[in-house]
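> The structure file model.csv (CSV, C-alpha atoms and all ligand atoms) is provided below.
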```csv
chain,number,residue,atom,x,y,z
A,1,MET,CA,4.0,9.2,-34.8
A,2,GLU,CA,7.2,9.5,-32.7
A,3,PRO,CA,9.2,6.3,-32.4
A,4,ARG,CA,8.7,4.6,-29.0
A,5,VAL,CA,11.2,2.6,-27.0
A,6,ILE,CA,9.4,0.3,-24.6
A,7,THR,CA,11.3,-1.8,-22.1
A,8,ILE,CA,9.6,-4.9,-20.7
A,9,THR,CA,10.9,-5.7,-17.2
A,10,SER,CA,9.8,-7.5,-14.0
A,11,GLY,CA,12.1,-7.9,-11.0
A,12,LYS,CA,11.4,-11.6,-10.4
A,13,GLY,CA,12.6,-14.0,-13.1
A,14,GLY,CA,10.5,-16.3,-15.2
A,15,VAL,CA,7.2,-14.3,-15.1
A,16,GLY,CA,6.9,-13.9,-18.9
A,17,LYS,CA,8.9,-10.9,-20.0
A,18,THR,CA,10.4,-12.6,-23.1
A,19,THR,CA,7.1,-14.2,-24.0
A,20,ILE,CA,5.4,-10.9,-23.9
A,21,THR,CA,8.2,-9.1,-25.7
A,22,ALA,CA,8.1,-11.6,-28.6
A,23,ASN,CA,4.3,-11.5,-28.9
A,24,LEU,CA,3.9,-7.8,-28.5
A,25,ALA,CA,6.5,-7.2,-31.1
A,26,THR,CA,4.7,-9.7,-33.4
A,27,ALA,CA,1.3,-8.1,-32.7
A,28,LEU,CA,2.5,-4.6,-33.4
A,29,ALA,CA,4.1,-5.8,-36.7
A,30,LEU,CA,0.8,-7.5,-37.6
A,31,ALA,CA,-0.8,-4.2,-37.1
A,32,GLY,CA,1.5,-2.8,-39.8
A,33,HIS,CA,4.2,-1.1,-37.8
A,34,GLN,CA,8.0,-1.2,-38.2
A,35,VAL,CA,9.1,-3.1,-35.1
A,36,VAL,CA,12.4,-4.3,-33.6
A,37,ALA,CA,12.7,-6.5,-30.6
A,38,VAL,CA,16.0,-6.1,-28.7
A,39,ASP,CA,17.2,-8.9,-26.4
A,40,ALA,CA,19.0,-7.2,-23.5
A,41,ASP,CA,19.3,-10.4,-21.5
A,42,ILE,CA,23.0,-10.9,-22.2
A,43,GLY,CA,24.4,-14.4,-21.5
A,44,LEU,CA,20.9,-15.9,-21.3
A,45,ARG,CA,19.4,-15.2,-24.7
A,46,ASN,CA,15.8,-16.5,-25.3
A,47,LEU,CA,14.0,-14.0,-27.5
A,48,ASP,CA,15.5,-15.6,-30.6
A,49,VAL,CA,14.1,-19.0,-29.6
A,50,MET,CA,10.7,-17.6,-28.9
A,51,MET,CA,10.6,-15.9,-32.3
A,52,GLY,CA,12.0,-19.0,-34.0
A,53,LEU,CA,15.1,-17.1,-35.3
A,54,GLU,CA,17.9,-18.9,-33.3
A,55,ASN,CA,19.7,-20.3,-36.3
A,56,ARG,CA,20.0,-17.1,-38.2
A,57,ILE,CA,22.1,-15.2,-35.8
A,58,VAL,CA,25.5,-13.9,-37.0
A,59,TYR,CA,26.2,-10.8,-34.9
A,60,ASP,CA,24.7,-9.7,-31.6
A,61,LEU,CA,24.1,-6.8,-29.4
A,62,VAL,CA,27.6,-7.0,-27.8
A,63,ASP,CA,29.2,-7.0,-31.3
A,64,VAL,CA,27.3,-3.8,-32.1
A,65,ALA,CA,28.3,-2.2,-28.7
A,66,GLU,CA,31.9,-3.1,-29.2
A,67,GLY,CA,32.0,-2.0,-32.8
A,68,ARG,CA,32.7,-5.4,-34.4
A,69,CYS,CA,29.8,-4.8,-36.8
A,70,ARG,CA,27.3,-2.2,-37.9
A,71,LEU,CA,23.9,-2.2,-36.3
A,72,ARG,CA,22.2,-3.2,-39.6
A,73,GLN,CA,24.3,-6.3,-39.9
A,74,ALA,CA,23.1,-7.6,-36.5
A,75,LEU,CA,19.4,-7.1,-37.3
A,76,ILE,CA,17.6,-10.3,-38.2
A,77,ARG,CA,14.4,-10.1,-40.3
A,78,ASP,CA,11.5,-12.2,-39.1
A,79,LYS,CA,10.6,-15.3,-41.2
A,80,ARG,CA,7.0,-14.4,-41.6
A,81,LEU,CA,6.7,-10.6,-41.2
A,82,SER,CA,8.9,-8.4,-43.3
A,83,ASN,CA,8.4,-5.4,-40.9
A,84,LEU,CA,9.6,-7.3,-37.8
A,85,PHE,CA,13.2,-7.5,-36.7
A,86,LEU,CA,15.3,-9.0,-33.9
A,87,LEU,CA,18.5,-7.6,-32.4
A,88,PRO,CA,19.8,-10.7,-30.5
A,89,ALA,CA,21.7,-10.9,-27.3
A,90,ALA,CA,25.1,-12.6,-27.0
A,91,GLN,CA,24.9,-16.0,-25.5
A,92,THR,CA,28.4,-16.3,-24.2
A,93,LYS,CA,29.6,-12.9,-23.1
A,94,ASP,CA,29.6,-11.2,-19.8
A,95,LYS,CA,26.5,-9.4,-18.5
A,96,THR,CA,28.3,-6.2,-18.2
A,97,ALA,CA,29.5,-6.1,-21.8
A,98,VAL,CA,26.9,-3.5,-22.8
A,99,GLN,CA,26.7,-0.3,-20.8
A,100,PRO,CA,23.6,1.9,-20.3
A,101,ALA,CA,25.1,4.5,-22.6
A,102,ASP,CA,25.7,1.9,-25.4
A,103,MET,CA,22.1,0.9,-25.2
A,104,VAL,CA,20.9,4.5,-25.4
A,105,LYS,CA,23.0,5.0,-28.5
A,106,ILE,CA,21.9,1.8,-30.2
A,107,CYS,CA,18.2,2.6,-29.5
A,108,GLU,CA,18.7,6.2,-30.8
A,109,GLU,CA,19.9,4.7,-34.1
A,110,LEU,CA,17.0,2.2,-34.1
A,111,ARG,CA,14.5,5.0,-33.7
A,112,SER,CA,15.3,6.3,-37.1
A,113,GLU,CA,14.2,3.1,-38.7
A,114,PHE,CA,11.5,1.7,-36.5
A,115,SER,CA,8.3,3.0,-34.9
A,116,PHE,CA,8.5,0.5,-32.0
A,117,VAL,CA,11.7,-0.6,-30.2
A,118,LEU,CA,10.8,-3.3,-27.6
A,119,VAL,CA,13.6,-4.1,-25.2
A,120,ASP,CA,13.4,-7.4,-23.3
A,121,SER,CA,15.1,-6.8,-19.9
A,122,PRO,CA,16.8,-9.5,-17.8
A,123,ALA,CA,15.4,-10.3,-14.4
A,124,GLY,CA,16.8,-8.6,-11.3
A,125,ILE,CA,17.7,-5.0,-10.6
A,126,GLU,CA,21.3,-5.1,-11.4
A,127,HIS,CA,23.5,-3.9,-14.3
A,128,GLY,CA,21.4,-5.6,-17.0
A,129,PHE,CA,18.2,-4.1,-15.7
A,130,ARG,CA,19.7,-0.6,-15.7
A,131,THR,CA,21.1,-1.1,-19.2
A,132,ALA,CA,17.7,-2.2,-20.5
A,133,LEU,CA,15.9,0.7,-18.9
A,134,ALA,CA,18.3,3.5,-19.9
A,135,PRO,CA,16.8,4.1,-23.4
A,136,ALA,CA,13.1,3.5,-22.4
A,137,ASP,CA,10.4,6.1,-23.0
A,138,GLU,CA,7.9,3.7,-21.6
A,139,VAL,CA,8.1,0.7,-19.3
A,140,ILE,CA,5.9,-2.4,-18.9
A,141,VAL,CA,6.3,-4.2,-15.6
A,142,VAL,CA,5.3,-7.8,-15.8
A,143,THR,CA,4.1,-9.8,-12.8
A,144,THR,CA,2.2,-12.9,-12.1
A,145,PRO,CA,-0.5,-12.9,-9.3
A,146,GLU,CA,1.9,-14.4,-6.8
A,147,VAL,CA,3.2,-12.9,-3.6
A,148,ALA,CA,6.9,-13.0,-4.5
A,149,ALA,CA,6.4,-11.7,-8.0
A,150,VAL,CA,4.2,-8.8,-6.9
A,151,ARG,CA,6.7,-7.9,-4.1
A,152,ASP,CA,9.5,-7.7,-6.6
A,153,ALA,CA,7.4,-5.7,-9.0
A,154,ASP,CA,6.8,-3.2,-6.3
A,155,ARG,CA,10.5,-2.8,-5.8
A,156,VAL,CA,11.0,-2.3,-9.5
A,157,ILE,CA,8.2,0.3,-9.7
A,158,GLY,CA,9.9,2.2,-6.8
A,159,LEU,CA,13.2,2.2,-8.7
A,160,LEU,CA,11.5,3.3,-11.9
A,161,GLU,CA,9.9,6.2,-10.1
A,162,ALA,CA,13.2,7.2,-8.5
A,163,ALA,CA,14.8,7.1,-12.0
A,164,GLY,CA,12.1,9.5,-13.2
A,165,LYS,CA,10.4,7.1,-15.6
A,166,GLU,CA,6.9,8.6,-16.2
A,167,SER,CA,5.1,6.0,-18.2
A,168,VAL,CA,5.1,2.8,-16.2
A,169,GLU,CA,2.4,0.2,-16.9
A,170,LEU,CA,1.5,-3.2,-15.5
A,171,ALA,CA,1.0,-6.5,-17.3
A,172,ILE,CA,-0.4,-9.4,-15.2
A,173,ASN,CA,0.5,-12.7,-16.7
A,174,ARG,CA,-0.6,-16.3,-16.0
A,175,VAL,CA,-3.9,-15.4,-14.4
A,176,LYS,CA,-5.9,-18.5,-13.5
A,177,PRO,CA,-9.6,-17.3,-13.1
A,178,GLU,CA,-10.8,-20.6,-11.5
A,179,MET,CA,-8.2,-20.3,-8.8
A,180,VAL,CA,-9.2,-16.7,-8.1
A,181,GLU,CA,-12.8,-17.7,-7.9
A,182,ARG,CA,-12.1,-20.4,-5.4
A,183,GLY,CA,-10.2,-17.9,-3.3
A,184,ASP,CA,-6.9,-19.6,-3.9
A,185,MET,CA,-5.1,-16.9,-5.7
A,186,LEU,CA,-4.7,-13.1,-5.9
A,187,SER,CA,-7.1,-11.5,-8.4
A,188,VAL,CA,-6.2,-8.8,-11.0
A,189,GLU,CA,-8.0,-6.3,-8.8
A,190,ASP,CA,-6.0,-7.4,-5.8
A,191,VAL,CA,-2.7,-6.9,-7.6
A,192,LEU,CA,-3.8,-3.5,-9.0
A,193,GLU,CA,-4.9,-2.3,-5.6
A,194,ILE,CA,-1.5,-3.2,-4.2
A,195,LEU,CA,0.7,-1.9,-6.9
A,196,SER,CA,-1.5,1.0,-8.1
A,197,ILE,CA,-0.2,1.7,-11.5
A,198,PRO,CA,-2.1,1.7,-14.8
A,199,LEU,CA,-2.9,-1.7,-16.3
A,200,ILE,CA,-1.9,-2.4,-19.9
A,201,GLY,CA,-2.5,-6.2,-20.1
A,202,VAL,CA,-4.0,-9.2,-18.4
A,203,ILE,CA,-2.8,-12.5,-19.9
A,204,PRO,CA,-4.4,-15.9,-18.8
A,205,GLU,CA,-2.4,-19.0,-18.1
A,206,ASP,CA,-2.5,-20.8,-21.4
A,207,PRO,CA,-0.8,-24.2,-22.4
A,208,GLU,CA,-0.6,-22.8,-26.0
A,209,VAL,CA,2.3,-20.6,-24.8
A,210,ILE,CA,4.4,-23.6,-24.2
A,211,VAL,CA,3.4,-25.2,-27.5
A,212,ALA,CA,4.2,-21.9,-29.3
A,213,THR,CA,7.6,-21.6,-27.6
A,214,ASN,CA,8.4,-25.2,-28.6
A,215,LYS,CA,7.5,-24.4,-32.2
A,216,GLY,CA,9.2,-21.0,-32.3
A,217,VAL,CA,5.9,-19.4,-33.5
A,218,PRO,CA,4.6,-16.6,-31.2
A,219,VAL,CA,1.2,-17.4,-29.8
A,220,VAL,CA,-0.4,-14.2,-31.2
A,221,LEU,CA,-0.2,-15.9,-34.6
A,222,ASN,CA,-2.6,-18.6,-33.3
A,223,ASN,CA,-6.0,-17.0,-33.5
A,224,LEU,CA,-7.5,-19.5,-31.2
A,225,SER,CA,-5.3,-19.0,-28.2
A,226,PRO,CA,-6.6,-16.9,-25.3
A,227,SER,CA,-3.1,-15.6,-24.3
A,228,GLY,CA,-2.5,-14.6,-27.9
A,229,GLN,CA,-5.8,-12.6,-28.0
A,230,ALA,CA,-4.8,-11.0,-24.7
A,231,ILE,CA,-1.5,-9.8,-26.0
A,232,LYS,CA,-3.1,-8.5,-29.2
A,233,ASP,CA,-5.4,-6.5,-27.0
A,234,MET,CA,-2.4,-5.2,-25.2
A,235,ALA,CA,-0.9,-4.1,-28.5
A,236,ARG,CA,-4.1,-2.3,-29.4
A,237,ARG,CA,-4.1,-0.4,-26.0
A,238,LEU,CA,-0.5,0.6,-26.7
A,239,LEU,CA,-1.7,2.0,-30.0
A,240,GLY,CA,-4.2,4.1,-28.1
A,241,GLU,CA,-7.3,2.1,-28.6
A,242,GLU,CA,-9.7,1.7,-25.7
A,243,VAL,CA,-9.9,-2.1,-25.3
A,244,PRO,CA,-12.0,-3.3,-22.3
A,245,PHE,CA,-10.4,-5.9,-20.1
A,246,PRO,CA,-12.6,-9.0,-20.5
A,247,THR,CA,-13.9,-10.0,-17.1
A,248,LEU,CA,-11.6,-12.9,-16.4
A,249,LYS,CA,-14.1,-15.2,-14.9
A,250,GLY,CA,-13.7,-18.9,-14.8
A,251,LYS,CA,-16.6,-21.2,-15.2
A,252,GLU,CA,-19.5,-19.7,-13.4
A,253,SER,CA,-20.3,-21.1,-10.0
A,254,ILE,CA,-23.8,-22.2,-9.2
A,255,PHE,CA,-23.9,-19.5,-6.6
A,256,ASN,CA,-23.2,-16.8,-9.1
A,257,LEU,CA,-25.7,-18.1,-11.5
A,258,LEU,CA,-28.3,-18.4,-8.8
A,259,SER,CA,-27.7,-14.9,-7.4
A,260,ARG,CA,-27.9,-13.4,-10.8
A,261,TRP,CA,-31.1,-15.3,-11.5
A,262,LEU,CA,-32.6,-14.1,-8.2
A,263,ARG,CA,-31.7,-10.5,-8.9
A,264,ARG,CA,-33.5,-10.6,-12.2
A,265,LYS,CA,-36.8,-11.5,-10.4
B,1,MET,CA,-13.3,-17.7,23.6
B,2,ARG,CA,-13.2,-17.6,19.8
B,3,LEU,CA,-14.1,-20.9,18.3
B,4,PHE,CA,-13.2,-19.8,14.8
B,5,GLY,CA,-10.0,-17.9,14.8
B,6,LYS,CA,-9.8,-15.2,12.2
B,7,ALA,CA,-7.2,-17.2,10.3
B,8,GLY,CA,-9.4,-20.2,10.2
B,9,LEU,CA,-11.9,-18.5,8.0
B,10,ARG,CA,-9.6,-16.8,5.6
B,11,ASN,CA,-8.7,-18.2,2.2
B,12,PRO,CA,-5.3,-18.3,0.6
B,13,ARG,CA,-6.2,-15.2,-1.5
B,14,ASP,CA,-6.9,-13.1,1.5
B,15,ILE,CA,-3.8,-14.3,3.3
B,16,ALA,CA,-1.6,-13.6,0.3
B,17,LYS,CA,-3.0,-10.1,0.1
B,18,GLU,CA,-2.5,-9.3,3.7
B,19,ARG,CA,1.1,-10.7,3.7
B,20,LEU,CA,1.9,-8.7,0.6
B,21,LYS,CA,0.6,-5.4,2.2
B,22,LEU,CA,2.8,-6.0,5.2
B,23,MET,CA,5.8,-6.8,3.2
B,24,LEU,CA,5.4,-3.7,1.1
B,25,ILE,CA,5.1,-1.5,4.2
B,26,GLN,CA,8.6,-2.7,5.3
B,27,ASP,CA,10.1,-2.8,1.8
B,28,ARG,CA,9.0,0.7,0.8
B,29,ILE,CA,10.3,2.2,4.0
B,30,GLN,CA,13.5,0.3,3.9
B,31,VAL,CA,14.3,1.4,0.3
B,32,SER,CA,13.6,5.0,0.7
B,33,PRO,CA,16.5,6.6,2.7
B,34,GLY,CA,15.4,9.4,4.9
B,35,PHE,CA,11.8,8.2,5.0
B,36,MET,CA,11.6,7.8,8.8
B,37,GLU,CA,13.5,11.1,9.4
B,38,GLU,CA,11.2,13.0,7.1
B,39,LEU,CA,8.1,11.4,8.8
B,40,ARG,CA,9.6,12.4,12.2
B,41,GLU,CA,10.0,16.0,11.1
B,42,ALA,CA,6.5,16.2,9.6
B,43,LEU,CA,5.1,14.8,12.8
B,44,LEU,CA,7.0,17.1,15.1
B,45,SER,CA,6.2,20.1,13.1
B,46,SER,CA,2.5,19.5,13.2
B,47,LEU,CA,2.5,18.5,16.9
B,48,GLY,CA,4.4,21.7,17.5
B,49,LYS,CA,1.3,23.7,16.8
B,50,TYR,CA,-0.4,22.2,19.9
B,51,LEU,CA,2.4,21.2,22.2
B,52,ASP,CA,5.9,22.1,23.2
B,53,VAL,CA,7.7,18.8,22.9
B,54,ASP,CA,11.1,17.4,23.6
B,55,ARG,CA,12.4,16.8,20.1
B,56,GLU,CA,15.5,14.9,21.3
B,57,GLY,CA,13.5,12.5,23.5
B,58,THR,CA,11.1,11.7,20.7
B,59,GLU,CA,11.1,8.1,19.5
B,60,LEU,CA,9.5,6.9,16.4
B,61,SER,CA,9.4,3.3,15.2
B,62,LEU,CA,7.6,1.0,12.8
B,63,GLU,CA,6.3,-2.3,14.1
B,64,VAL,CA,5.1,-4.9,11.7
B,65,GLY,CA,3.1,-7.4,13.7
B,66,GLU,CA,1.1,-10.5,12.9
B,67,ASN,CA,-1.5,-8.8,10.7
B,68,ARG,CA,-0.8,-5.1,10.5
B,69,GLY,CA,1.8,-2.4,10.5
B,70,LYS,CA,1.9,0.1,13.3
B,71,LEU,CA,3.6,3.4,13.7
B,72,VAL,CA,4.6,3.9,17.3
B,73,ALA,CA,5.6,7.3,18.5
B,74,SER,CA,6.7,8.3,22.0
B,75,VAL,CA,6.8,12.1,22.3
B,76,PRO,CA,7.6,13.6,25.7
B,77,ILE,CA,5.5,16.8,26.3
B,78,LYS,CA,7.1,19.8,27.9
B,79,SER,CA,3.9,21.8,27.9
B,80,VAL,CA,0.6,22.3,26.2
B,81,LYS,CA,0.1,25.6,24.2
B,82,ARG,CA,-2.6,27.9,25.3
B,83,ARG,CA,-3.5,28.6,21.8
B,84,VAL,CA,-3.3,26.4,18.7
B,85,GLU,CA,-0.8,28.0,16.3
B,86,HIS,CA,-2.3,28.0,12.9
B,87,ASP,CA,0.1,28.6,9.9
C,301,LIG,N1,0.6,-17.0,-20.1
C,301,LIG,C1,1.3,-18.1,-19.9
C,301,LIG,N2,0.8,-19.3,-19.9
C,301,LIG,C2,1.5,-20.5,-19.7
C,301,LIG,N3,2.9,-20.4,-19.7
C,301,LIG,C3,3.5,-19.2,-19.7
C,301,LIG,C4,2.8,-18.0,-19.9
C,301,LIG,N4,3.7,-17.0,-19.9
C,301,LIG,C5,4.9,-17.5,-19.8
C,301,LIG,N5,4.8,-18.9,-19.7
C,301,LIG,C6,6.0,-19.8,-19.5
C,301,LIG,O1,6.7,-19.4,-18.5
C,301,LIG,C7,8.1,-19.6,-18.7
C,301,LIG,C8,8.9,-18.3,-18.5
C,301,LIG,O2,8.5,-17.4,-19.5
C,301,LIG,P1,9.5,-16.3,-20.0
C,301,LIG,O3,10.8,-16.9,-20.5
C,301,LIG,O4,8.8,-15.4,-21.0
C,301,LIG,O5,9.8,-15.4,-18.7
C,301,LIG,P2,10.9,-14.3,-18.5
C,301,LIG,O6,10.3,-13.4,-17.5
C,301,LIG,O7,11.4,-13.8,-19.7
C,301,LIG,O8,12.1,-15.2,-17.8
C,301,LIG,P3,13.6,-14.7,-17.4
C,301,LIG,O9,13.5,-13.8,-16.2
C,301,LIG,O10,14.3,-16.0,-17.2
C,301,LIG,O11,14.1,-13.9,-18.6
C,301,LIG,C9,8.2,-20.1,-20.1
C,301,LIG,O12,8.4,-21.5,-20.1
C,301,LIG,C10,6.9,-19.8,-20.8
C,301,LIG,O13,6.5,-20.7,-21.7
C,302,MG,MG,13.5,-13.6,-20.4
```
Would you put the structure from the file into structure tokens?
Ligand SMILES: Nc1ncnc2c1ncn2[C@@H]1O[C@H](COP(=O)(O)OP(=O)(O)OP(=O)(O)O)[C@@H](O)[C@H]1O
Ligand SMILES: [Mg+2]


Amino acid sequence: MEPRVITITSGKGGVGKTTITANLATALALAGHQVVAVDADIGLRNLDVMMGLENRIVYDLVDVAEGRCRLRQALIRDKRLSNLFLLPAAQTKDKTAVQPADMVKICEELRSEFSFVLVDSPAGIEHGFRTALAPADEVIVVTTPEVAAVRDADRVIGLLEAAGKESVELAINRVKPEMVERGDMLSVEDVLEILSIPLIGVIPEDPEVIVATNKGVPVVLNNLSPSGQAIKDMARRLLGEEVPFPTLKGKESIFNLLSRWLRRK
Amino acid sequence: MRLFGKAGLRNPRDIAKERLKLMLIQDRIQVSPGFMEELREALLSSLGKYLDVDREGTELSLEVGENRGKLVASVPIKSVKRRVEHD
């Protein structure tokens, strides 16, 4: 299989890019692949925290780009999975310290060692976004089912099309089925109808995500968490498996139960 | 008289969807340079099969109102063609 560089981006901030990058990387590694997660959010690094690797960082992406160390020296091996690595962002340097061309070069080098290179993009559509996108073969756009997030996702999708990115897929995060059912929130179908790009993942709102972030243990390692399961499904879809999207229904309303019962008659 | 205005019956989900659709009409047009010009050309060239129009006097605008987007075209007609010109 050809190595794949996949950038996770969003437009609007705080919708779950870093959470998805950390978990997708872990899920792909659990499936036996050689995986590296690259934190391209320079100045605001988070990926190390989500993966529980924050106290192992010696060199970072900027050091690599500026030639202060070799790529290998900056890679941190995961605590649990020996086939999972992190290339951390710099916490202190300027956002423009890494150029798109540097990123392309670094990812080229990573391709020779890894089958998956996942790049966690910063929010926005500025320099950092363009840098994170430059090396991408595939792009995952993350949104939540909220008006502002979907609007920004549409803008990003337009930019990706203009940049000639052919494989652009959507992940909808923090879905609350009960709210959709009450008519209080956009549904997965609504968001898909509006953005009209292929769907790769639907992740429910899940308090386990916060617990996982606090512990520095990605939620996919928790077999009981619904969001972890959803991101594992996402990984399987990336690997080419047909995984149906579970109908994200909340608790069934009396009305639904009744109408189904009547139909059966 | 309408006792129940349309808005009174809609839930937040429907409102969100409608607002988004309107926002995206504006956003998509604003971010693609030349969109309106291209649309104007396409419109004039297909109208040209039926009508002889005043290109310079043609006005095209997009209006986004309360609950929908509307394309408004004002095309002065010089004459109507006797035969439709098929390509
Ligand atoms: N499915 C979920 N359920 C509950 N909480 C979530 C979920 N996904 C993300 N979160 C929470 O939302 C917050 C933002 O997530 P995250 O940092 O992954 O977003 P981001 O898009 O990377 O943000 P930024 O744009 O700042 O980089 C975190 O506190 C995270 O725990
Ligand atoms: Mg982030």

> List all protein, DNA and RNA residues that have an atom no more than 6 Å from any atom of ligand LIG 301 (chain C), counting only C-alpha atoms and all ligand atoms, and report them as a PDB file with C-alpha atoms, keeping the file's coordinate frame.


```
ATOM      1  CA  GLY A  13      12.600 -14.000 -13.100  1.00  0.00           C
ATOM      2  CA  GLY A  14      10.500 -16.300 -15.200  1.00  0.00           C
ATOM      3  CA  VAL A  15       7.200 -14.300 -15.100  1.00  0.00           C
ATOM      4  CA  GLY A  16       6.900 -13.900 -18.900  1.00  0.00           C
ATOM      5  CA  LYS A  17       8.900 -10.900 -20.000  1.00  0.00           C
ATOM      6  CA  THR A  18      10.400 -12.600 -23.100  1.00  0.00           C
ATOM      7  CA  THR A  19       7.100 -14.200 -24.000  1.00  0.00           C
ATOM      8  CA  PRO A 122      16.800  -9.500 -17.800  1.00  0.00           C
ATOM      9  CA  ALA A 123      15.400 -10.300 -14.400  1.00  0.00           C
ATOM     10  CA  ASN A 173       0.500 -12.700 -16.700  1.00  0.00           C
ATOM     11  CA  ARG A 174      -0.600 -16.300 -16.000  1.00  0.00           C
ATOM     12  CA  ILE A 203      -2.800 -12.500 -19.900  1.00  0.00           C
ATOM     13  CA  PRO A 204      -4.400 -15.900 -18.800  1.00  0.00           C
ATOM     14  CA  GLU A 205      -2.400 -19.000 -18.100  1.00  0.00           C
ATOM     15  CA  ASP A 206      -2.500 -20.800 -21.400  1.00  0.00           C
ATOM     16  CA  PRO A 207      -0.800 -24.200 -22.400  1.00  0.00           C
ATOM     17  CA  VAL A 209       2.300 -20.600 -24.800  1.00  0.00           C
ATOM     18  CA  ILE A 210       4.400 -23.600 -24.200  1.00  0.00           C
ATOM     19  CA  SER A 227      -3.100 -15.600 -24.300  1.00  0.00           C
TER      20      SER A 227
END
```

> Write out as a short mmCIF file (atom, residue, chain, number, x, y, z; two decimals) with C-alpha atoms, keeping the file's coordinate frame the residues lying within 9 Å of stretch 43-56 of chain B, counting only C-alpha atoms and excluding same-chain residues fewer than 2 positions away.


```
data_model
loop_
_atom_site.label_atom_id
_atom_site.label_comp_id
_atom_site.auth_asym_id
_atom_site.auth_seq_id
_atom_site.Cartn_x
_atom_site.Cartn_y
_atom_site.Cartn_z
CA GLU B 38 11.20 13.00 7.10
CA LEU B 39 8.10 11.40 8.80
CA ARG B 40 9.60 12.40 12.20
CA GLU B 41 10.00 16.00 11.10
CA THR B 58 11.10 11.70 20.70
CA GLU B 59 11.10 8.10 19.50
CA VAL B 75 6.80 12.10 22.30
CA PRO B 76 7.60 13.60 25.70
CA ILE B 77 5.50 16.80 26.30
CA LYS B 78 7.10 19.80 27.90
CA SER B 79 3.90 21.80 27.90
CA VAL B 80 0.60 22.30 26.20
CA LYS B 81 0.10 25.60 24.20
CA ARG B 82 -2.60 27.90 25.30
CA ARG B 83 -3.50 28.60 21.80
CA VAL B 84 -3.30 26.40 18.70
CA GLU B 85 -0.80 28.00 16.30
CA HIS B 86 -2.30 28.00 12.90
CA ASP B 87 0.10 28.60 9.90
#
```

> Using all atoms listed in the file, find the one residue out of A:Val180, A:Asn222, A:Gly216, A:Val142 that sits nearest to A:Asn55.

A:Gly216

> Could you give me the residues within 12 Å of ligand MG 302 (chain C), counting only C-alpha atoms and all ligand atoms, as a PDB file with C-alpha atoms, in the coordinates of the input?


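Done, and the output landed in out-v8.pdb:
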```pdb
ATOM      1  CA  ILE A   8       9.600  -4.900 -20.700  1.00  0.00           C
ATOM      2  CA  THR A   9      10.900  -5.700 -17.200  1.00  0.00           C
ATOM      3  CA  SER A  10       9.800  -7.500 -14.000  1.00  0.00           C
ATOM      4  CA  GLY A  11      12.100  -7.900 -11.000  1.00  0.00           C
ATOM      5  CA  LYS A  12      11.400 -11.600 -10.400  1.00  0.00           C
ATOM      6  CA  GLY A  13      12.600 -14.000 -13.100  1.00  0.00           C
ATOM      7  CA  GLY A  14      10.500 -16.300 -15.200  1.00  0.00           C
ATOM      8  CA  VAL A  15       7.200 -14.300 -15.100  1.00  0.00           C
ATOM      9  CA  GLY A  16       6.900 -13.900 -18.900  1.00  0.00           C
ATOM     10  CA  LYS A  17       8.900 -10.900 -20.000  1.00  0.00           C
ATOM     11  CA  THR A  18      10.400 -12.600 -23.100  1.00  0.00           C
ATOM     12  CA  THR A  19       7.100 -14.200 -24.000  1.00  0.00           C
ATOM     13  CA  ILE A  20       5.400 -10.900 -23.900  1.00  0.00           C
ATOM     14  CA  THR A  21       8.200  -9.100 -25.700  1.00  0.00           C
ATOM     15  CA  ALA A  22       8.100 -11.600 -28.600  1.00  0.00           C
ATOM     16  CA  VAL A  38      16.000  -6.100 -28.700  1.00  0.00           C
ATOM     17  CA  ASP A  39      17.200  -8.900 -26.400  1.00  0.00           C
ATOM     18  CA  ALA A  40      19.000  -7.200 -23.500  1.00  0.00           C
ATOM     19  CA  ASP A  41      19.300 -10.400 -21.500  1.00  0.00           C
ATOM     20  CA  ILE A  42      23.000 -10.900 -22.200  1.00  0.00           C
ATOM     21  CA  GLY A  43      24.400 -14.400 -21.500  1.00  0.00           C
ATOM     22  CA  LEU A  44      20.900 -15.900 -21.300  1.00  0.00           C
ATOM     23  CA  ARG A  45      19.400 -15.200 -24.700  1.00  0.00           C
ATOM     24  CA  ASN A  46      15.800 -16.500 -25.300  1.00  0.00           C
ATOM     25  CA  LEU A  47      14.000 -14.000 -27.500  1.00  0.00           C
ATOM     26  CA  ASP A  48      15.500 -15.600 -30.600  1.00  0.00           C
ATOM     27  CA  VAL A  49      14.100 -19.000 -29.600  1.00  0.00           C
ATOM     28  CA  MET A  50      10.700 -17.600 -28.900  1.00  0.00           C
ATOM     29  CA  ALA A  89      21.700 -10.900 -27.300  1.00  0.00           C
ATOM     30  CA  VAL A 119      13.600  -4.100 -25.200  1.00  0.00           C
ATOM     31  CA  ASP A 120      13.400  -7.400 -23.300  1.00  0.00           C
ATOM     32  CA  SER A 121      15.100  -6.800 -19.900  1.00  0.00           C
ATOM     33  CA  PRO A 122      16.800  -9.500 -17.800  1.00  0.00           C
ATOM     34  CA  ALA A 123      15.400 -10.300 -14.400  1.00  0.00           C
ATOM     35  CA  GLY A 124      16.800  -8.600 -11.300  1.00  0.00           C
ATOM     36  CA  GLY A 128      21.400  -5.600 -17.000  1.00  0.00           C
ATOM     37  CA  PHE A 129      18.200  -4.100 -15.700  1.00  0.00           C
ATOM     38  CA  VAL A 142       5.300  -7.800 -15.800  1.00  0.00           C
TER      39      VAL A 142
END
```

> Could you write out as a VMD selection string the residues of chain B within 12 Å of chain A, counting only C-alpha atoms?

chain B and resid 9 to 33

> Select, from A:Glu161, A:Glu66, A:Glu54, A:Asp102, the residue with the minimum atom-to-atom distance to A:Lys79, counting only C-alpha atoms.

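Nearest candidate to A:Lys79 out of A:Glu161, A:Glu66, A:Glu54, A:Asp102: A:Glu54.
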